Structure formats: structure tokens, C-alpha cells
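Listing of my_file-v5.txt; format and content: compact mmCIF, C-alpha atoms.
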```txt
# COMPACT_ATOMS: atom_id res chain seq x y z
CA MET A 1 17.76 -16.61 8.67
CA LEU A 2 15.55 -16.04 5.64
CA GLU A 3 13.63 -13.35 7.48
CA ILE A 4 16.83 -11.46 8.17
CA ALA A 5 17.88 -11.69 4.53
CA VAL A 6 14.51 -10.41 3.28
CA GLY A 7 14.60 -7.67 5.89
CA ILE A 8 18.05 -6.56 4.75
CA ILE A 9 16.83 -6.47 1.13
CA LEU A 10 13.76 -4.36 2.00
CA GLY A 11 15.73 -2.00 4.21
CA CYS A 12 18.47 -1.49 1.66
CA CYS A 13 15.91 -0.79 -1.06
CA ALA A 14 14.30 1.89 1.11
CA LEU A 15 17.71 3.38 2.00
CA GLY A 16 18.69 3.41 -1.66
CA ALA A 17 15.46 5.17 -2.63
CA GLY A 18 16.09 7.80 0.02
CA ALA A 19 19.69 8.26 -1.05
CA ALA A 20 18.65 8.57 -4.70
CA MET A 21 16.39 11.49 -3.89
CA ILE A 22 19.39 13.52 -2.65
CA ALA A 23 19.62 14.36 -6.35
CA GLY A 24 16.64 16.65 -5.75
CA ILE A 25 19.05 19.26 -4.34
CA GLY A 26 20.65 19.93 -7.72
CA PRO A 27 17.54 20.84 -9.74
CA GLY A 28 16.30 22.86 -6.77
CA ILE A 29 19.37 25.10 -6.74
CA GLY A 30 19.42 25.30 -10.52
CA GLU A 31 15.78 26.24 -10.88
CA GLY A 32 16.09 28.77 -8.09
CA ASN A 33 18.94 30.44 -9.95
CA ALA A 34 16.95 30.42 -13.18
CA VAL A 35 13.88 31.99 -11.57
CA ALA A 36 16.01 34.62 -9.78
CA LYS A 37 17.63 35.67 -13.05
CA ALA A 38 14.24 35.72 -14.77
CA CYS A 39 12.86 38.00 -12.04
CA GLU A 40 15.83 40.31 -12.50
CA ALA A 41 15.28 40.37 -16.24
CA ILE A 42 11.58 41.18 -15.84
CA GLY A 43 12.45 43.91 -13.36
CA ARG A 44 14.83 45.48 -15.86
CA GLN A 45 12.56 45.05 -18.87
CA PRO A 46 8.92 44.57 -17.83
CA GLU A 47 7.77 44.59 -21.46
CA CYS A 48 9.52 41.24 -22.11
CA LYS A 49 7.57 39.47 -19.37
CA GLY A 50 5.82 36.95 -21.62
CA SER A 51 8.81 35.66 -23.50
CA VAL A 52 11.03 35.63 -20.40
CA THR A 53 8.43 33.62 -18.48
CA SER A 54 7.99 31.03 -21.23
CA THR A 55 11.74 30.65 -21.70
CA MET A 56 12.20 30.29 -17.94
CA LEU A 57 9.51 27.58 -17.69
CA MET A 58 11.17 25.74 -20.57
CA GLY A 59 14.59 25.92 -18.93
CA CYS A 60 13.19 24.87 -15.56
CA ALA A 61 11.58 21.83 -17.13
CA ILE A 62 14.85 20.80 -18.72
CA ALA A 63 16.81 21.41 -15.52
CA GLU A 64 14.29 19.21 -13.73
CA THR A 65 15.26 16.17 -15.81
CA THR A 66 18.08 14.99 -13.53
CA GLY A 67 15.77 15.17 -10.53
CA LEU A 68 13.20 13.13 -12.41
CA TYR A 69 15.80 10.46 -13.24
CA ALA A 70 16.40 10.15 -9.50
CA LEU A 71 12.65 9.98 -8.91
CA VAL A 72 12.25 7.17 -11.44
CA ILE A 73 15.07 5.22 -9.78
CA ALA A 74 13.56 5.77 -6.33
CA ILE A 75 10.15 4.59 -7.53
CA LEU A 76 11.73 1.52 -9.13
CA LEU A 77 13.59 0.79 -5.87
CA ILE A 78 10.42 1.05 -3.79
CA PHE A 79 7.83 -0.64 -6.00
CA VAL A 80 9.74 -2.99 -8.32
CA ALA A 81 13.12 -3.91 -6.85
CA PRO A 82 12.12 -5.65 -3.56
CA ASN A 83 9.96 -8.19 -5.38
CA LEU A 84 12.71 -8.85 -7.91
CA PHE A 85 15.49 -9.23 -5.33
CA VAL A 86 13.49 -11.47 -3.03
CA ASN A 87 12.64 -13.69 -5.99
CA ILE A 88 16.34 -13.90 -6.89
CA LEU A 89 17.17 -14.77 -3.28
CA LEU A 90 14.54 -17.51 -3.14
CA LYS A 91 15.79 -18.91 -6.46
CA THR A 92 19.41 -19.07 -5.25
CA ILE A 93 18.38 -20.77 -2.01
CA GLY A 94 16.34 -23.20 -4.08
CA LYS A 95 12.86 -22.75 -2.63
CA MET B 1 -36.37 23.59 -42.05
CA SER B 2 -35.76 19.89 -41.87
CA PHE B 3 -32.18 20.47 -42.93
CA LYS B 4 -31.65 22.76 -39.93
CA LYS B 5 -33.05 20.10 -37.62
CA PHE B 6 -30.76 17.52 -39.17
CA ASP B 7 -27.84 19.89 -38.66
CA LYS B 8 -28.59 20.26 -34.97
CA PHE B 9 -28.97 16.50 -34.69
CA ILE B 10 -25.44 16.00 -36.06
CA ASP B 11 -24.12 18.60 -33.60
CA PHE B 12 -25.78 16.70 -30.79
CA ILE B 13 -24.28 13.41 -31.96
CA LEU B 14 -20.78 14.89 -32.12
CA LEU B 15 -21.04 16.38 -28.63
CA THR B 16 -22.31 13.06 -27.31
CA LEU B 17 -19.38 11.31 -28.98
CA ALA B 18 -17.06 13.77 -27.24
CA ILE B 19 -18.49 13.11 -23.77
CA ALA B 20 -19.41 9.42 -24.06
CA PRO B 21 -15.85 7.95 -23.99
CA ILE B 22 -15.05 9.79 -20.75
CA VAL B 23 -18.29 8.59 -19.15
CA PHE B 24 -17.58 5.09 -20.46
CA ILE B 25 -14.13 4.88 -18.86
CA ILE B 26 -15.46 6.33 -15.60
CA ILE B 27 -18.11 3.57 -15.52
CA LEU B 28 -15.50 0.97 -16.47
CA GLN B 29 -13.27 2.11 -13.62
CA VAL B 30 -16.09 2.08 -11.09
CA LEU B 31 -17.06 -1.45 -12.14
CA THR B 32 -13.58 -2.99 -12.25
CA LYS B 33 -11.42 -1.16 -9.70
CA PRO B 34 -10.94 -3.16 -6.51
CA GLU B 35 -11.51 -1.37 -3.23
CA SER B 36 -8.29 -0.13 -1.66
CA THR B 37 -7.27 1.14 1.74
CA GLY B 38 -4.13 2.97 2.77
CA ILE B 39 -1.35 3.99 0.43
CA THR B 40 -1.73 2.45 -3.00
CA VAL B 41 0.36 3.67 -5.88
CA GLU B 42 -0.29 1.38 -8.80
CA GLY B 43 0.54 1.28 -12.45
CA ALA B 44 -2.08 0.79 -15.12
CA ARG B 45 -4.40 -2.14 -14.45
CA ILE B 46 -4.59 -4.84 -17.10
CA TYR B 47 -8.13 -5.38 -18.37
CA PHE B 48 -7.42 -8.47 -20.44
CA THR B 49 -4.62 -10.04 -22.48
CA ILE B 50 -4.74 -11.11 -26.11
CA PRO B 51 -2.66 -14.21 -26.91
CA MET B 52 -0.04 -13.44 -29.53
CA PRO B 53 2.63 -15.67 -31.11
CA ILE B 54 5.70 -14.13 -29.44
CA GLN B 55 4.29 -12.60 -26.27
CA PRO B 56 0.75 -12.05 -24.94
CA LEU B 57 -0.49 -8.51 -25.60
CA PRO B 58 -2.02 -6.91 -22.50
CA ILE B 59 -4.76 -4.31 -22.97
CA THR B 60 -4.22 -1.90 -20.08
CA GLU B 61 -6.10 1.00 -18.56
CA ALA B 62 -3.65 3.45 -20.15
CA GLN B 63 -4.39 2.22 -23.66
CA VAL B 64 -8.17 2.32 -23.16
CA ASN B 65 -7.99 5.81 -21.63
CA SER B 66 -5.80 7.20 -24.38
CA LEU B 67 -8.15 5.76 -27.01
CA ALA B 68 -11.05 7.49 -25.23
CA VAL B 69 -9.11 10.77 -25.29
CA LEU B 70 -8.44 10.27 -29.00
CA ILE B 71 -12.16 9.84 -29.75
CA THR B 72 -13.01 12.88 -27.60
CA ILE B 73 -10.51 15.14 -29.35
CA PHE B 74 -11.54 13.86 -32.79
CA SER B 75 -15.22 14.57 -32.27
CA LEU B 76 -14.48 17.95 -30.64
CA CYS B 77 -12.47 18.91 -33.73
CA LEU B 78 -15.30 17.81 -36.01
CA TYR B 79 -17.77 19.77 -33.88
CA LEU B 80 -15.67 22.95 -33.94
CA THR B 81 -15.09 22.93 -37.67
CA ARG B 82 -18.67 22.29 -38.83
CA ASN B 83 -20.55 24.88 -40.90
CA MET B 84 -17.59 27.15 -41.49
CA SER B 85 -18.39 30.28 -43.47
CA VAL B 86 -16.49 33.37 -44.55
CA LYS B 87 -19.37 35.82 -44.23
CA LYS B 88 -21.01 34.77 -40.98
CA PRO B 89 -18.45 33.12 -38.69
CA THR B 90 -19.97 31.48 -35.64
CA LYS B 91 -18.50 31.36 -32.14
CA ARG B 92 -17.00 27.92 -32.57
CA GLN B 93 -15.43 28.94 -35.85
CA HIS B 94 -13.71 31.77 -34.01
CA LEU B 95 -12.45 29.27 -31.41
CA ALA B 96 -11.18 26.89 -34.09
CA GLU B 97 -9.46 29.72 -35.93
CA TRP B 98 -7.86 30.93 -32.70
CA ILE B 99 -6.43 27.46 -31.98
CA VAL B 100 -5.09 27.07 -35.51
CA GLU B 101 -3.56 30.55 -35.51
CA LYS B 102 -1.87 29.99 -32.13
CA CYS B 103 -0.35 26.68 -33.22
CA ASP B 104 0.82 28.08 -36.54
CA GLY B 105 2.37 31.03 -34.71
CA LEU B 106 4.16 28.68 -32.33
CA VAL B 107 5.59 26.68 -35.22
CA LYS B 108 6.54 29.85 -37.09
CA ASN B 109 8.39 31.28 -34.06
CA ASN B 110 10.31 28.16 -33.12
CA MET B 111 11.01 26.26 -36.30
CA ASP B 112 12.80 26.66 -39.58
CA PRO B 113 10.67 28.10 -42.45
CA TYR B 114 11.00 24.69 -44.13
CA PHE B 115 8.63 23.26 -41.49
CA LYS B 116 5.77 25.69 -42.05
CA ASN B 117 3.29 22.81 -42.45
CA PHE B 118 4.14 21.31 -39.05
CA GLY B 119 1.24 23.01 -37.23
CA PRO B 120 -1.23 20.07 -37.24
CA PHE B 121 1.33 17.63 -35.83
CA ILE B 122 2.34 19.99 -33.02
CA ALA B 123 -1.30 20.79 -32.28
CA SER B 124 -2.17 17.10 -32.06
CA ILE B 125 0.74 16.42 -29.68
CA LEU B 126 -0.31 19.37 -27.52
CA GLY B 127 -3.97 18.36 -27.45
CA LEU B 128 -3.38 14.68 -26.83
CA SER B 129 -0.87 15.28 -24.06
CA ALA B 130 -2.88 18.00 -22.31
CA PHE B 131 -6.19 16.11 -22.45
CA SER B 132 -4.51 12.89 -21.27
CA SER B 133 -2.97 14.60 -18.26
CA LEU B 134 -6.23 16.39 -17.43
CA LEU B 135 -8.03 13.02 -17.19
CA SER B 136 -6.76 12.80 -13.62
CA LEU B 137 -9.20 15.59 -12.73
CA PHE B 138 -11.96 13.01 -13.12
CA GLY B 139 -10.12 10.59 -10.85
CA LEU B 140 -9.11 8.46 -13.81
CA PHE B 141 -5.70 7.01 -14.61
CA PRO B 142 -3.88 9.58 -16.77
CA PRO B 143 -2.27 7.71 -19.71
CA THR B 144 0.73 10.06 -19.56
CA SER B 145 1.79 8.58 -16.21
CA ASP B 146 2.48 5.29 -18.01
CA ILE B 147 5.97 5.11 -19.51
CA ASN B 148 4.76 2.96 -22.42
CA ILE B 149 2.42 5.62 -23.82
CA VAL B 150 4.85 8.53 -23.47
CA GLY B 151 7.72 6.35 -24.66
CA GLY B 152 5.74 5.63 -27.82
CA TRP B 153 5.35 9.35 -28.49
CA ALA B 154 9.06 9.93 -27.82
CA ILE B 155 10.02 7.16 -30.27
CA LEU B 156 7.74 8.76 -32.87
CA VAL B 157 9.52 12.09 -32.35
CA PHE B 158 12.90 10.33 -32.57
CA ILE B 159 11.92 8.78 -35.93
CA LEU B 160 10.90 12.26 -37.16
CA ILE B 161 14.23 13.76 -36.04
CA THR B 162 16.19 11.00 -37.79
CA TYR B 163 14.06 11.34 -40.94
CA TYR B 164 14.79 15.04 -41.24
CA LYS B 165 18.47 14.49 -40.48
CA PHE B 166 18.57 12.02 -43.36
CA LYS B 167 17.30 14.66 -45.80
CA CYS B 168 20.86 15.44 -46.89
CA GLY B 169 21.76 11.82 -47.49
CA PRO B 170 23.30 9.13 -45.25
CA ILE B 171 26.85 10.45 -45.59
CA HIS B 172 25.88 13.84 -44.19
CA TYR B 173 24.02 12.07 -41.38
CA ALA B 174 27.07 10.00 -40.46
CA LYS B 175 29.25 13.09 -40.66
CA SER B 176 27.07 14.98 -38.20
CA PHE B 177 28.16 12.54 -35.47
CA CYS B 178 31.87 13.22 -36.08
CA ASP B 179 31.72 16.96 -35.54
CA PRO B 180 34.64 16.92 -33.14
CA PRO B 181 36.01 13.54 -34.28
CA LEU B 182 37.03 12.40 -30.81
CA LEU B 183 33.54 12.81 -29.37
CA THR B 184 31.74 10.34 -31.66
CA PRO B 185 30.69 7.89 -28.89
CA LEU B 186 29.36 10.75 -26.78
CA ASN B 187 27.41 12.10 -29.74
CA ILE B 188 25.82 8.70 -30.35
CA ILE B 189 24.91 8.39 -26.66
CA SER B 190 23.35 11.86 -26.60
CA GLU B 191 21.36 10.99 -29.73
CA ILE B 192 19.92 7.92 -28.01
CA ALA B 193 19.35 9.87 -24.79
CA THR B 194 16.98 12.31 -26.53
CA PRO B 195 13.87 10.09 -26.65
CA ILE B 196 14.64 8.57 -23.23
CA SER B 197 14.90 11.95 -21.52
CA MET B 198 11.78 13.24 -23.29
CA ALA B 199 9.75 10.21 -22.19
CA PHE B 200 11.11 10.26 -18.61
CA ARG B 201 10.51 13.99 -18.21
CA HIS B 202 6.85 13.85 -19.17
CA TYR B 203 6.12 10.58 -17.35
CA GLY B 204 8.07 11.50 -14.21
CA ASN B 205 6.34 14.84 -13.79
CA ILE B 206 2.81 13.42 -14.02
CA LEU B 207 3.64 10.33 -11.92
CA SER B 208 5.34 12.35 -9.16
CA GLY B 209 2.23 14.53 -8.96
CA SER B 210 -0.03 11.54 -8.41
CA VAL B 211 2.38 9.96 -5.88
CA ILE B 212 2.55 13.18 -3.84
CA SER B 213 -1.25 13.55 -4.00
CA VAL B 214 -1.73 10.02 -2.64
CA LEU B 215 0.82 10.63 0.14
CA LEU B 216 -0.86 13.90 1.12
CA ALA B 217 -4.34 12.36 1.12
CA THR B 218 -3.17 9.50 3.34
CA GLY B 219 -1.35 11.87 5.67
CA LEU B 220 -4.37 14.14 5.99
CA ALA B 221 -6.59 11.15 6.80
CA GLY B 222 -4.21 10.15 9.62
CA LEU B 223 -4.00 13.72 10.92
CA SER B 224 -7.77 14.20 11.00
CA ASN B 225 -8.13 10.84 12.75
CA LEU B 226 -5.65 12.10 15.36
CA LEU B 227 -7.31 15.52 15.82
CA LEU B 228 -11.01 14.71 15.37
CA GLY B 229 -11.03 11.04 16.35
CA TRP B 230 -12.94 11.80 19.57
CA LEU B 231 -16.14 12.70 17.66
CA PRO B 232 -18.92 10.14 18.17
CA GLY B 233 -20.00 7.55 15.63
CA PHE B 234 -18.98 7.68 12.01
CA LEU B 235 -17.99 11.35 12.39
CA GLY B 236 -14.83 10.16 14.12
CA ASP B 237 -13.84 7.96 11.18
CA PHE B 238 -14.65 10.57 8.56
CA PRO B 239 -11.47 12.33 7.28
CA PHE B 240 -12.64 15.96 7.46
CA LEU B 241 -9.22 17.41 6.64
CA ARG B 242 -9.33 15.67 3.26
CA ILE B 243 -12.06 18.07 2.13
CA GLY B 244 -10.67 20.89 0.02
CA ILE B 245 -6.99 20.80 1.02
CA PRO B 246 -5.85 18.27 -1.64
CA ALA B 247 -7.61 20.41 -4.26
CA VAL B 248 -4.92 23.08 -3.89
CA LEU B 249 -2.22 20.57 -4.80
CA SER B 250 -4.43 19.19 -7.55
CA ILE B 251 -4.55 22.59 -9.24
CA TYR B 252 -0.76 22.58 -9.44
CA PHE B 253 -0.08 18.93 -10.20
CA ASP B 254 -3.03 18.09 -12.43
CA VAL B 255 -3.88 21.31 -14.24
CA PHE B 256 -0.70 23.42 -14.27
CA SER B 257 1.85 20.62 -14.48
CA GLY B 258 -0.16 18.70 -17.06
CA ALA B 259 -0.59 21.70 -19.34
CA LEU B 260 3.05 22.77 -18.86
CA GLN B 261 4.40 19.32 -19.67
CA ALA B 262 2.26 19.18 -22.82
CA PHE B 263 3.66 22.56 -23.88
CA ILE B 264 7.22 21.49 -23.10
CA PHE B 265 6.88 18.20 -24.97
CA ALA B 266 5.64 20.10 -28.03
CA MET B 267 8.38 22.74 -27.68
CA LEU B 268 11.11 20.10 -27.39
CA THR B 269 9.71 18.27 -30.41
CA MET B 270 9.88 21.47 -32.44
CA MET B 271 13.39 22.30 -31.21
CA TYR B 272 14.87 18.85 -31.81
CA VAL B 273 13.27 18.39 -35.23
CA SER B 274 14.19 21.87 -36.37
CA GLY B 275 17.64 21.79 -34.75
CA GLY B 276 18.63 18.46 -36.25
CA PHE B 277 17.60 19.51 -39.75
CA PRO B 278 20.64 20.85 -41.67
CA ALA B 279 18.80 23.76 -43.33
CA GLU B 280 21.69 25.48 -45.10
CA ASP B 281 23.23 22.27 -46.41
CA PHE B 282 19.81 21.14 -47.61
CA VAL B 283 19.25 24.34 -49.61
CA ALA B 284 22.77 24.12 -51.09
CA ARG B 285 22.30 20.48 -52.01
CA ARG B 286 18.91 21.11 -53.61
CA SER B 287 20.22 23.96 -55.77
CA ARG B 288 23.19 21.80 -56.80
CA LEU B 289 20.89 18.91 -57.72
CA SER B 290 18.57 21.13 -59.74
CA LYS B 291 21.55 22.57 -61.63
CA ALA B 292 22.77 19.04 -62.40
CA ASN B 293 19.30 18.15 -63.64
CA LYS B 294 19.19 21.16 -65.97
CA LYS B 295 22.49 20.16 -67.56
```
In C-alpha cells, write the structure found in this file.
Amino acid sequence: MLEIAVGIILGCCALGAGAAMIAGIGPGIGEGNAVAKACEAIGRQPECKGSVTSTMLMGCAIAETTGLYALVIAILLIFVAPNLFVNILLKTIGK
Amino acid sequence: MSFKKFDKFIDFILLTLAIAPIVFIIILQVLTKPESTGITVEGARIYFTIPMPIQPLPITEAQVNSLAVLITIFSLCLYLTRNMSVKKPTKRQHLAEWIVEKCDGLVKNNMDPYFKNFGPFIASILGLSAFSSLLSLFGLFPPTSDINIVGGWAILVFILITYYKFKCGPIHYAKSFCDPPLLTPLNIISEIATPISMAFRHYGNILSGSVISVLLATGLAGLSNLLLGWLPGFLGDFPFLRIGIPAVLSIYFDVFSGALQAFIFAMLTMMYVSGGFPAEDFVARRSRLSKANKK
């Protein structure tokens, strides 16, 4: 019985980590839009290339933040959470 | 003549001080790191713990590495700025002047004129962050992929932001949260979210790079075992596909991403500090105070 419980905990942690990384779609679309607009701007005004590029990199890094929150949660779910949950389970059973 | 020799000797000592910490932590890692097989993504290893009254204080790899980076940058700065002269500038003086001019230009472009002396702080953030991330080129643990180190920097920046917001007095500071009066809780949350998002952004970018590098290296080892496993002897076990291919990713994740995150951390510091500072109100308040003093 205990094996099944631990297995469910491990599997759900892995599923949760995978589901959390769906958040990667958002920053991908957003950054793609930002880079497309930056390319258009450079095409229209090639002399502004430097400032457009640095502003675009800045905006991309900020748009990436939500994806990185998801990454942090996925990493916590894979490397930290299983240990924690199994310990809680063992404590409640009383072993 | 002897003075010139002494001069060169000091140069040599400074350069040695710049390289020695890196060599020291490489040796320390070789001596203490346990052998690992397969996928291992670990946090910073704990070298030893110091007993403290409330909680034991662990001395981790990240702290030792960031101290080594500090010593390296400090001695490099001393080396670059030795023997400065107006008439006969040397090569390293040109380099030092270029760095200072670039940082001052960055501060001038992005911050209020009130912060014209902010160059050294921004330059130190840039240098520390970039050098720390580039440590992973030597196969060392980059201190920036530890949330504690980057969180410390973010808290420092948060204290700076709050200090400059307080320049117009506590009442003005409290008022700045009630800009649309209904949104006060949201404003407080977004104020607290600033250091958290800064720390997570920097740490997440560097950490994700190292995680992806480890995954790719493991995958390439498996693939080369599958393709070239029929070779006789130790040739069959040797992961040939690992040669060269991970270097392409390393250029992006270690060099480009590390330098970009350092730049972004410095840019965000400048923006938040300069954006939170109420420049117009500060000037008005100062002129009012000086008038009151004259009377």
C-alpha cells in the first residue's frame, strides 16, 4: 500500500512539473511578437539598430519572467517536493 | 632602476591575485566533488557549517565562489588603474577609461541627473554578475544560479529603491501607494514583487541553462552509446558525440545569457531606482526648505 502511495506522489509531482511548463507558451508568443516588431522597426530605420536591439533584449528578458516562474515551480516539484511529501506521508502514517 | 623592478613585481602580484582565487576554487572542487554518473542537477554543496546561536550557518560553494570572484575583480581593478598618467597613458589606462566612460554613459542615459554619481555601483553590479555567471565556463558552480546570492543583491536594490523613495519624507512615500486610492493593496504587492521577480529572473535564467546543458550532455552520451556502441574496447564506452556539440549551447547559455542577464539586472536596477525617485517633488521640496531656512 505504501509503495502505491509513494508512487502516486512521485507521478503527480512529475505531472505537475510538466503541466507547469505549459506556461512556456506565453513568453514564447510574446517574445516572438517583440522580435518581429523589432525587425520591422530596423527594416524601416536601419540607423536605429543599436537602440532597438537593446530595448528589444530588455523587453524580452522582462517578458520571460512568467516563464521563469513556471520553471522555478517545475524545478521545485521535481527536486524538492517529492522528498517533502513522502516525509509528510511517513509522518502521518507514524513510521 | 630598482623602482621599476619593484613596480613590475607589484604588477605580477596583482595579476597572481586575480588568477589565484579561480585556480584555488578549481582545486577545491576537484578535491571535494564526489564522482557522479547520470543526470545530476544539484544545488550548491555545503563545505562546512559554523554553529550559531539561532541557526547553524552553512558555508556553501556559492559563497566561496562569489568571494573568489570578488577578489579577482578587486585585484583586476587595482591592476588596471596603476600608474595612471595624463601625458603618457598606457594600454591598461585606456581600457580602464573605456570601462568608466561606458558605465557613466549608461547611467547618464537611463537615470535622472540627480544620480550622476551612480556609475561605480552599476559597474560593480555588472562586473560581479557577469564574472559570476562566466565561472561556469571553467566547469565551476556559478554563484548566480543560487537563489540566496541573487536574492541578496535584489534585497540590496530594494533597500536602495526604498531609500530614494523616502527622500521626500515618509508622508510622500505613503502617498505614493495610494495613487488610485482603491488599488493600494495591489500597489503594495507590486512593490514587494520587485525584488522577488528580479532575483527569480536572474537565477532562473542561469539555472535553466545549466539544467538544459546537463540534459543535453546525458542525452548525447546515450545517443553515442546507441550509435557507436559496437566499437571494440573502451572506444565503445567513450561518448564521442559529447565532443564539441555541447559547446554550441554553452556559448549561448554561459556567455551570452550570463552577460545579458548581468546587463538586464543593472538596467532594471537603474530603472527602478530612478523611476521610484520623485525628482520633481524633491526639487520643489528642497527649494521650499531652503527658502524657509533663509527666513
Tell me, counting only C-alpha atoms, for each residue of chain B within 10 Å of chain A, which pair of atoms is nearest and how far apart they are in Å to one decimal, in rows ordered by chain and increasing number, as a tab-separated table.
```
residue	atom	partner	partner_atom	distance
B:Val41	CA	A:Phe79	CA	8.6
B:Glu42	CA	A:Phe79	CA	8.8
B:Gly43	CA	A:Phe79	CA	9.9
B:Ser197	CA	A:Thr65	CA	7.1
B:Met198	CA	A:Thr65	CA	8.8
B:Phe200	CA	A:Tyr69	CA	7.1
B:Arg201	CA	A:Thr65	CA	5.8
B:His202	CA	A:Leu68	CA	9.3
B:Tyr203	CA	A:Leu68	CA	9.0
B:Gly204	CA	A:Leu68	CA	5.7
B:Asn205	CA	A:Leu68	CA	7.2
B:Leu207	CA	A:Val72	CA	9.2
B:Ser208	CA	A:Leu71	CA	7.7
B:Val211	CA	A:Ile75	CA	9.6
B:Leu260	CA	A:Leu57	CA	8.1
B:Gln261	CA	A:Ala61	CA	8.0
B:Phe263	CA	A:Met58	CA	8.8
B:Ile264	CA	A:Met58	CA	6.3
B:Phe265	CA	A:Met58	CA	9.7
B:Met267	CA	A:Met58	CA	8.2
B:Leu268	CA	A:Met58	CA	8.9
```
inquiry  = Which residues are near Ile25 in chain A? Cut-off 12 Å, only C-alpha atoms, ignore same chain within fewer than 2 positions. Put them as number ranges by chain.
reply    = A: 19-23, 27-32, 63-64, 66-68, 70
Val86 in chain A proximity check over A:Leu15, A:Ala41, A:Ile8, A:Ala34, using all atoms listed in the file: winner is A:Ile8
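Within 9 Å of Ile78 in chain A, once all atoms listed in the file are used and residues closer than 6 positions along the same chain are dropped, the contacting residues are Leu10, Cys13, Ala14, Gly16 and Ala17 of chain A.
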Write out the residues from the selection above, keeping C-alpha atoms, as a JSON list (two decimals), keeping the file's coordinate frame.
```
[["chain", "number", "residue", "atom", "x", "y", "z"],
["A", 10, "LEU", "CA", 13.76, -4.36, 2.00],
["A", 13, "CYS", "CA", 15.91, -0.79, -1.06],
["A", 14, "ALA", "CA", 14.30, 1.89, 1.11],
["A", 16, "GLY", "CA", 18.69, 3.41, -1.66],
["A", 17, "ALA", "CA", 15.46, 5.17, -2.63]]
```
Please provide the set of residues having any atom within 10 Å of Asp281 in chain B, restricted to all atoms listed in the file, with same-chain residues fewer than 5 positions apart removed, written as number ranges by chain. B: 167-168, 172, 286-287
TODO: Find the residues near Leu227 in chain B: any atom within 12 Å, counting all atoms listed in the file, skip ones fewer than 2 places away on the same chain, and give them as a PyMOL selection string.
DONE: chain B and resi 220-225+229-231+235-241
Could the residues in this selection be written to a file with C-alpha atoms, as a PDB file, in the coordinates of the input?
```
ATOM      1  CA  LEU B 220      -4.370  14.140   5.990  1.00  0.00           C
ATOM      2  CA  ALA B 221      -6.590  11.150   6.800  1.00  0.00           C
ATOM      3  CA  GLY B 222      -4.210  10.150   9.620  1.00  0.00           C
ATOM      4  CA  LEU B 223      -4.000  13.720  10.920  1.00  0.00           C
ATOM      5  CA  SER B 224      -7.770  14.200  11.000  1.00  0.00           C
ATOM      6  CA  ASN B 225      -8.130  10.840  12.750  1.00  0.00           C
ATOM      7  CA  GLY B 229     -11.030  11.040  16.350  1.00  0.00           C
ATOM      8  CA  TRP B 230     -12.940  11.800  19.570  1.00  0.00           C
ATOM      9  CA  LEU B 231     -16.140  12.700  17.660  1.00  0.00           C
ATOM     10  CA  LEU B 235     -17.990  11.350  12.390  1.00  0.00           C
ATOM     11  CA  GLY B 236     -14.830  10.160  14.120  1.00  0.00           C
ATOM     12  CA  ASP B 237     -13.840   7.960  11.180  1.00  0.00           C
ATOM     13  CA  PHE B 238     -14.650  10.570   8.560  1.00  0.00           C
ATOM     14  CA  PRO B 239     -11.470  12.330   7.280  1.00  0.00           C
ATOM     15  CA  PHE B 240     -12.640  15.960   7.460  1.00  0.00           C
ATOM     16  CA  LEU B 241      -9.220  17.410   6.640  1.00  0.00           C
TER      17      LEU B 241
END
```
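With distances restricted to all atoms listed in the file, B:Leu78 is the closest residue to Ile13 in chain B from B:Leu78, B:Ser176, B:Gly233, B:Arg92.
As for CA of Ala174 in chain B and CA of Phe282 in chain B, they are spaced 15.1 Å apart.
Distances from A:Ala74, A:Asn83, A:Ile4, A:Ile42 to Gly18 in chain A were compared using all atoms listed in the file, and the smallest one belongs to A:Ala74.
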